[in-house]
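Asker: Here you go, one structure.
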Amino acid sequence: MTHATLPDISPAPDKRSWWRRNQIGLSPWLFLAPGMLFFAFYVIFPIFQSFQISLLDWDGLGEPEFIGLQNYQELYYDDAFYTSLWNNMLWLVLYLAAIPAGLFIALFLNQTVTGIRLYKSLFFFPFVISQVVVGLVFTWFYDPTFGLLNVMLGWVGLGPINVLGDERFVTVGIILAGIWPQTAYCMILYLTGLNGVNPEQIEAGRLDNAKGWKMLWYIIIPQLKPATFIAFVVTIIGALRSFDLISIMTNGGPFGSSRVLSFYMFEVALSEYGFRMGYGAAIAVVLFLIMLCFIVYFLWSMYQEDKR
Amino acid sequence: MRSNLKATVATLGLTMAMATGAFADAHAAKLSGDLVIFSDMGNPAPRAVMEGMVERFGEMHPDLNIELTVIDREAYKTQIRNFLTANTPDVANWYAANRMLPYVNAGLFEDISDLWEGTLSEELASTKGAMTLDGKQYGVPYTYYQWGVYYRKDIYDELGLSEPKTWDEFKANCQAILDSGKKCFTIGTKFLWTAGGWFDYLNMRTNGYDFHAALTNGEVEWTDQRVKDTFANWRELLDMGAFIDNHTAYSWQEALPFMTGGDAAAYLMGNFAVAPLREAGLTDDQLDFYQFPMINEDVELAEDAPTDTFHIPTGAKNKENAREFLRFVVSADNQTLINNGDNLGQLPVNSKSSVDDDKFLEQGFQMLSTNSPGGVAQFFDRDAPAEMAKVAMEGFQEFMVKPDNLDKILDRLERARARIY
């Protein structure tokens with residue numbers, strides 16, 4: 001009675017516990033879980049909640065009433081909304097000036113002179129101080145009666161102009177105040193980028209007789225592409241977040257001409273005279289949709305980077 | 001800007017009472033337990049007043065544990081929504097008239113009509129209307145102050161001008177001041193409400209108090225001819241160049257230097273402007289006050305006198321203690337004390353209190369008690385609902401810069417009126 005004893009090829013029953021078996025697969029998710037929970041609760045959930053509130057007529061205290069898309073319909077006929085929207089566009093476009101400005105200051109500071117660290121810190125200084133302080137400083141600078149700007153304009157026989165009290169200049173005036181710290185931010189991004197520029201390529205460019213603008217355009221800037229991308233992202237986000245400067249410098253005025261969407265939303269829903277949560281939420285939704293365009297673009301371009 | 005002031009006296013008294021075992025002789029009127037107060041009296045002088053009141057109330061009721069939280073006045077305006085719905089105090093500051101409406105409608109302020117029954121209604125008769133919504137009272141006042149024209153007496157004397165009684169004198173004075181190279185009025189409209197003060201006075205002098213009430217209640221169209229008359233009067237001043245330039249860039253405090261520096265001769269303001277003007281170096285010989293002059297002789301004079309208040313939130317836990325505190329606040333003695341020149345420097349709400357010996361308080365009290373037959377209004381942004389006030393005051397500011405836009409502005413206000421009421 002001999003049985004050909006074949007080796008038992010079926011795998012030995014895994015005696016390890018369920019946890020030990022799946023540990024490797026699960027642990028990344030466990031580590032991610034707290035972050036994902038908070039993100040879901042504090043970011044994703046409020047987005048949907050905003051959509052929901054934007055369909056209500058609610059003063060934030062009493063009983064909400066469902067009114068469908070009426071808030072959006074009212075937005076469509078609201079002049080103040082278009083002023084805010086237009087100002088948001090102005091912010092988005094003009095704020096981008098911080099990127100080239102930051103680049104040129106970075107190029108200027110990218111040299112070895114005694115005390116260059118001190119100069120760099122001084123140029124970076126406006127980004128370190130609070131936006132509220134920046135706003136106050138510029139408010140005094142623009143002051144139509146006592147401000148330095150009008151004193152300076154007086155030297156060349158111009159002015160006086162009331163920058164923050166005139167609806168034609170006010171938004172540009174605030175954006176200029178915002179560009180000051182933002183330029184410093186872009187500058188620091190480009191300074192670190194310039195450290196990573198390959199000296200051999202510059203050397204090779206020199207041999208090919210590249211100088212000045214051509215050197216900058218064809219050799220340096222392409223190598224700074226990652227820095228430019230980050231500078232672009234933070235500047236766009238900064239422009240869409242513009243709120244504190246407006247609140248400090250003009251409080252949205254004169255007669256509402258310097259409002260942006262985020263400030264208008266605050267005004268109608270949360271400020272001293274604002275009790276319209278639904279209308280505020282509708283503005284927030286519009287702002288979110290505008291941001292979404294940029295977010296999708298940023299994500300898409302990062303995804304493209306990763307694929308290469 | 002938060003601080004907690006526990007009445008240490010209270011705890012001390014409590015321990016002593018425990019130690020001697022004298023539970024039995026607890027006086028009937030003595031309160032015990034807790035009292036939580038949220039206050040917006042954050043500026044230095046009002047803050048001292050609030051802390052003083054808590055201390056004195058604590059001495060009267062040693063067994064009571066009082067907790068006071070003082071919040072910055074501007075921040076308070078947005079925080080009140082949160083703390084009325086959650087973590088509710090027993091007593092909270094706010095403002096009279098329509099400014100309480102959203103909280104009364106939402107059922108967040110307690111109906112305290114019972115407190116007003118009897119003597120209190122007589123003593124506080126002058127402000128009872130401002131605390132009443134739908135026939136019920138929702139709080140008590142603790143101070144109010146007059147509005148009017150504060151002017152540089154030295155400039156008027158130099159130009160040989162006297163306090164105007166009529167609109168024509170008012171304008172003639174202004175022309176003389178303008179001819180001397182100064183501006184008639186300083187104003188800072190950055191935060192809008194200052195323009196609301198001008199509108200209130202021009203409107204109440206042109207159309208009277210009842211029209212003011214009807215307009216802020218949404219019963220009159222903004223495109224009404226009477227509203228246009230008000231603006232036409234305002235326009236006369238604008239066309240003269242009566243106001244300082246660039247007022248859109250300034251807050252009311254930032255507009256003060258024009259007056260102290262002598263570039264502008266007068267300021268239409270509330271009595272709270274006196275303190276900073278005195279601090280800036282103006283003596284009582286240089287600074288004086290007059291009632292806004294009559295425009296239309298057919299309407300009775302009426303004044304703005306905003307009232308600041310205390311309320312009991314519906315969610316309060318110690319309502320009996322809170323009621324007792326409100327009684328203490330409005331009592332004649334306390335009113336005399338907290339409104340005197342060393343403290344708030346405003347007018348007491350209790351008719352049995354005495355007004356402090358101060359030039360401006362006496363004139364203001366005189367004006368409100370004898371020369372305001374038309375009525376006493378709160379203020380544009382307290383009589384009109386919040387949203388309407390905001391839109392309208394923005395319109396006033398625009399009108400002051402671009403008077404030609406008036407029709408567009410009024411159309412906008414009329415659309416807002418149709419939506420809001």
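Chain labels A, B, ... are given in the sequence in which chains occur in the structure tokens; within each chain residues are numbered consecutively from 1, and ligands are likewise numbered from 1 in the order shown.
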Which residues of chain B come within 6 Å of chain A, and what is each one's closest atom pair and distance in Å (one decimal), counting only C-alpha atoms, sorted by chain and residue number, as CSV?

Answerer:
residue,atom,partner,partner_atom,distance
B:Lys77,CA,A:Glu272,CA,5.8
B:Ala106,CA,A:Gly62,CA,4.8
B:Thr248,CA,A:Gly165,CA,4.8
B:Ala249,CA,A:Gly165,CA,4.7
B:Ala386,CA,A:Tyr273,CA,4.6
B:Glu387,CA,A:Tyr273,CA,5.7
B:Glu394,CA,A:Phe255,CA,4.9
B:Glu398,CA,A:Phe255,CA,5.7

Asker: Emit the selected residues as an mmCIF file, in the first residue's frame, including all heavy atoms.

Answerer:
data_model
loop_
_atom_site.group_PDB
_atom_site.id
_atom_site.type_symbol
_atom_site.label_atom_id
_atom_site.label_comp_id
_atom_site.auth_asym_id
_atom_site.auth_seq_id
_atom_site.Cartn_x
_atom_site.Cartn_y
_atom_site.Cartn_z
ATOM 1 N N LYS B 77 -20.807 93.466 17.677
ATOM 2 C CA LYS B 77 -21.939 93.514 16.754
ATOM 3 C C LYS B 77 -22.085 92.243 15.939
ATOM 4 O O LYS B 77 -23.186 91.903 15.511
ATOM 5 C CB LYS B 77 -21.784 94.713 15.807
ATOM 6 C CG LYS B 77 -21.960 96.037 16.515
ATOM 7 C CD LYS B 77 -21.635 97.196 15.601
ATOM 8 C CE LYS B 77 -21.775 98.525 16.331
ATOM 9 N NZ LYS B 77 -21.208 99.634 15.561
ATOM 10 N N ALA B 106 -36.535 86.564 16.215
ATOM 11 C CA ALA B 106 -36.025 85.199 16.345
ATOM 12 C C ALA B 106 -36.261 84.654 17.748
ATOM 13 O O ALA B 106 -35.822 83.553 18.068
ATOM 14 C CB ALA B 106 -34.542 85.167 16.009
ATOM 15 N N THR B 248 -15.021 110.808 1.839
ATOM 16 C CA THR B 248 -15.214 109.364 1.706
ATOM 17 C C THR B 248 -14.033 108.580 2.264
ATOM 18 O O THR B 248 -14.153 107.399 2.542
ATOM 19 C CB THR B 248 -15.404 108.967 0.233
ATOM 20 O OG1 THR B 248 -14.367 109.585 -0.521
ATOM 21 C CG2 THR B 248 -16.746 109.420 -0.283
ATOM 22 N N ALA B 249 -12.882 109.233 2.397
ATOM 23 C CA ALA B 249 -11.692 108.507 2.848
ATOM 24 C C ALA B 249 -11.562 108.472 4.363
ATOM 25 O O ALA B 249 -10.667 107.815 4.875
ATOM 26 C CB ALA B 249 -10.440 109.129 2.237
ATOM 27 N N ALA B 386 -31.836 96.758 9.267
ATOM 28 C CA ALA B 386 -30.397 96.767 8.971
ATOM 29 C C ALA B 386 -30.090 96.846 7.477
ATOM 30 O O ALA B 386 -29.290 97.668 7.035
ATOM 31 C CB ALA B 386 -29.756 95.524 9.574
ATOM 32 N N GLU B 387 -30.769 96.004 6.687
ATOM 33 C CA GLU B 387 -30.447 95.948 5.263
ATOM 34 C C GLU B 387 -30.771 97.260 4.560
ATOM 35 O O GLU B 387 -29.996 97.759 3.749
ATOM 36 C CB GLU B 387 -31.316 94.890 4.627
ATOM 37 C CG GLU B 387 -30.671 93.583 4.457
ATOM 38 C CD GLU B 387 -31.626 92.709 3.698
ATOM 39 O OE1 GLU B 387 -32.457 92.073 4.354
ATOM 40 O OE2 GLU B 387 -31.550 92.702 2.468
ATOM 41 N N GLU B 394 -25.396 103.971 1.922
ATOM 42 C CA GLU B 394 -24.473 103.930 0.792
ATOM 43 C C GLU B 394 -24.924 104.923 -0.271
ATOM 44 O O GLU B 394 -24.116 105.620 -0.881
ATOM 45 C CB GLU B 394 -24.453 102.519 0.214
ATOM 46 C CG GLU B 394 -23.083 101.977 -0.033
ATOM 47 C CD GLU B 394 -23.162 100.492 -0.306
ATOM 48 O OE1 GLU B 394 -23.605 100.092 -1.400
ATOM 49 O OE2 GLU B 394 -22.803 99.738 0.593
ATOM 50 N N GLU B 398 -23.031 108.240 -1.814
ATOM 51 C CA GLU B 398 -22.862 108.471 -3.252
ATOM 52 C C GLU B 398 -23.427 109.834 -3.639
ATOM 53 O O GLU B 398 -22.814 110.579 -4.410
ATOM 54 C CB GLU B 398 -23.548 107.356 -4.047
ATOM 55 C CG GLU B 398 -23.296 107.471 -5.543
ATOM 56 C CD GLU B 398 -23.849 106.300 -6.323
ATOM 57 O OE1 GLU B 398 -24.203 105.278 -5.714
ATOM 58 O OE2 GLU B 398 -23.912 106.414 -7.561
#

Asker: Taking the backbone alone, and naming residues the way the document does, which bits of segment 230-369 of chain B are strand (DSSP E or B) by DSSP, as a short mmCIF file (atom, residue, chain, number, x, y, z; two decimals) with N, CA and C atoms, in the first residue's frame?

Answerer:
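Produced file result.cif, reproduced below:
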data_model
loop_
_atom_site.label_atom_id
_atom_site.label_comp_id
_atom_site.auth_asym_id
_atom_site.auth_seq_id
_atom_site.Cartn_x
_atom_site.Cartn_y
_atom_site.Cartn_z
N PHE B 243 -19.13 121.00 2.71
CA PHE B 243 -18.44 119.90 3.42
C PHE B 243 -16.98 119.81 3.00
N ALA B 264 -12.35 123.48 9.37
CA ALA B 264 -13.80 123.39 9.25
C ALA B 264 -14.40 123.94 10.53
N ALA B 265 -15.57 124.56 10.42
CA ALA B 265 -16.10 125.31 11.56
C ALA B 265 -17.06 124.51 12.42
N ALA B 266 -17.65 123.44 11.88
CA ALA B 266 -18.67 122.74 12.66
C ALA B 266 -18.75 121.27 12.28
N TYR B 267 -19.47 120.51 13.13
CA TYR B 267 -19.58 119.07 12.95
C TYR B 267 -20.97 118.66 13.43
N LEU B 268 -21.75 118.05 12.56
CA LEU B 268 -23.04 117.49 12.99
C LEU B 268 -22.75 116.10 13.56
N MET B 269 -22.90 115.94 14.87
CA MET B 269 -22.45 114.72 15.52
C MET B 269 -23.24 114.45 16.78
N GLY B 270 -22.99 113.27 17.35
CA GLY B 270 -23.54 112.95 18.66
C GLY B 270 -22.64 113.50 19.75
N LEU B 287 -15.50 125.82 21.91
CA LEU B 287 -16.42 124.81 21.39
C LEU B 287 -17.82 125.07 21.94
N ASP B 288 -18.80 125.03 21.07
CA ASP B 288 -20.17 125.23 21.54
C ASP B 288 -21.13 124.37 20.71
N PHE B 289 -22.39 124.46 21.07
CA PHE B 289 -23.38 123.55 20.49
C PHE B 289 -24.64 124.32 20.11
N TYR B 290 -25.23 124.00 18.96
CA TYR B 290 -26.58 124.51 18.71
C TYR B 290 -27.46 123.45 18.07
N MET B 294 -34.42 125.18 12.09
CA MET B 294 -35.66 124.87 11.41
C MET B 294 -35.51 125.08 9.89
N ALA B 302 -37.73 117.95 15.66
CA ALA B 302 -37.56 116.61 16.24
C ALA B 302 -36.06 116.31 16.23
N GLU B 303 -35.64 115.45 17.15
CA GLU B 303 -34.21 115.21 17.32
C GLU B 303 -33.87 113.74 17.21
N ASP B 304 -32.61 113.47 16.90
CA ASP B 304 -32.04 112.14 17.02
C ASP B 304 -31.44 112.02 18.41
N THR B 307 -30.29 105.55 21.83
CA THR B 307 -30.32 104.97 23.16
C THR B 307 -29.57 103.65 23.17
N ASP B 308 -28.71 103.48 24.17
CA ASP B 308 -28.02 102.19 24.33
C ASP B 308 -28.68 101.42 25.47
N THR B 309 -28.67 100.09 25.33
CA THR B 309 -29.59 99.30 26.15
C THR B 309 -28.98 98.04 26.78
N PHE B 310 -29.70 97.47 27.73
CA PHE B 310 -29.41 96.14 28.28
C PHE B 310 -30.60 95.22 28.00
N HIS B 311 -30.29 93.96 27.71
CA HIS B 311 -31.35 92.98 27.44
C HIS B 311 -31.09 91.69 28.20
N PRO B 313 -31.26 87.78 27.36
CA PRO B 313 -31.50 86.78 26.31
C PRO B 313 -32.48 85.72 26.79
N LEU B 347 -26.61 111.43 28.76
CA LEU B 347 -27.82 111.79 29.48
C LEU B 347 -28.41 110.59 30.20
#

Asker: Phe127 of chain A: which residues within 8 Å, counting only C-alpha atoms, same-chain residues fewer than 2 positions away excluded, as a list in words?

Answerer: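 After dropping sequence-adjacent residues, the list is Phe124, Phe125, Ile129, Ser130, Trp180, Pro181, Gln182, Ala184 and Tyr185 of chain A.
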
Asker: Write the selection just made, keeping N, CA and C atoms, as a PDB file, in the first residue's frame?

Answerer:
ATOM      1  N   PHE A 124      12.333  91.202   1.830  1.00  0.00           N
ATOM      2  CA  PHE A 124      11.343  90.209   2.202  1.00  0.00           C
ATOM      3  C   PHE A 124      10.408  90.724   3.293  1.00  0.00           C
ATOM      4  N   PHE A 125      10.840  91.779   3.952  1.00  0.00           N
ATOM      5  CA  PHE A 125      10.138  92.297   5.126  1.00  0.00           C
ATOM      6  C   PHE A 125       8.622  92.509   4.933  1.00  0.00           C
ATOM      7  N   ILE A 129       5.225  91.212   7.640  1.00  0.00           N
ATOM      8  CA  ILE A 129       4.284  91.977   8.461  1.00  0.00           C
ATOM      9  C   ILE A 129       2.846  91.683   8.035  1.00  0.00           C
ATOM     10  N   SER A 130       1.961  91.892   8.963  1.00  0.00           N
ATOM     11  CA  SER A 130       0.561  91.538   8.746  1.00  0.00           C
ATOM     12  C   SER A 130      -0.076  92.413   7.663  1.00  0.00           C
ATOM     13  N   TRP A 180       2.651  94.869  -2.988  1.00  0.00           N
ATOM     14  CA  TRP A 180       3.888  95.104  -2.244  1.00  0.00           C
ATOM     15  C   TRP A 180       4.352  93.848  -1.489  1.00  0.00           C
ATOM     16  N   PRO A 181       3.527  93.270  -0.602  1.00  0.00           N
ATOM     17  CA  PRO A 181       3.974  92.034   0.047  1.00  0.00           C
ATOM     18  C   PRO A 181       4.039  90.842  -0.904  1.00  0.00           C
ATOM     19  N   GLN A 182       3.130  90.805  -1.894  1.00  0.00           N
ATOM     20  CA  GLN A 182       3.118  89.659  -2.791  1.00  0.00           C
ATOM     21  C   GLN A 182       4.398  89.594  -3.622  1.00  0.00           C
ATOM     22  N   ALA A 184       7.315  90.484  -2.625  1.00  0.00           N
ATOM     23  CA  ALA A 184       8.333  89.925  -1.746  1.00  0.00           C
ATOM     24  C   ALA A 184       8.242  88.407  -1.712  1.00  0.00           C
ATOM     25  N   TYR A 185       7.004  87.910  -1.708  1.00  0.00           N
ATOM     26  CA  TYR A 185       6.796  86.467  -1.687  1.00  0.00           C
ATOM     27  C   TYR A 185       7.358  85.828  -2.966  1.00  0.00           C
TER      28      TYR A 185
END

Asker: Report the distance between atom CA of Phe45 of chain A and atom CA of Ile283 of chain A in Å, rounded to one decimal place.

Answerer: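 Between these atoms lies a distance of 17.5 Å.
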
Asker: One decimal, Å: what's the distance from atom CA of Phe83 of chain B over to atom CA of Val140 of chain B, could you say?

Answerer: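 Straight-line distance from atom CA of Phe83 of chain B to atom CA of Val140 of chain B works out to 19.4 Å.
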
Asker: Nearest to Asp239 of chain B among B:Asp404, B:Asp381, B:Asp179, B:Glu254, with distances taken over only C-alpha atoms: which residue is it?

Answerer: B:Asp404
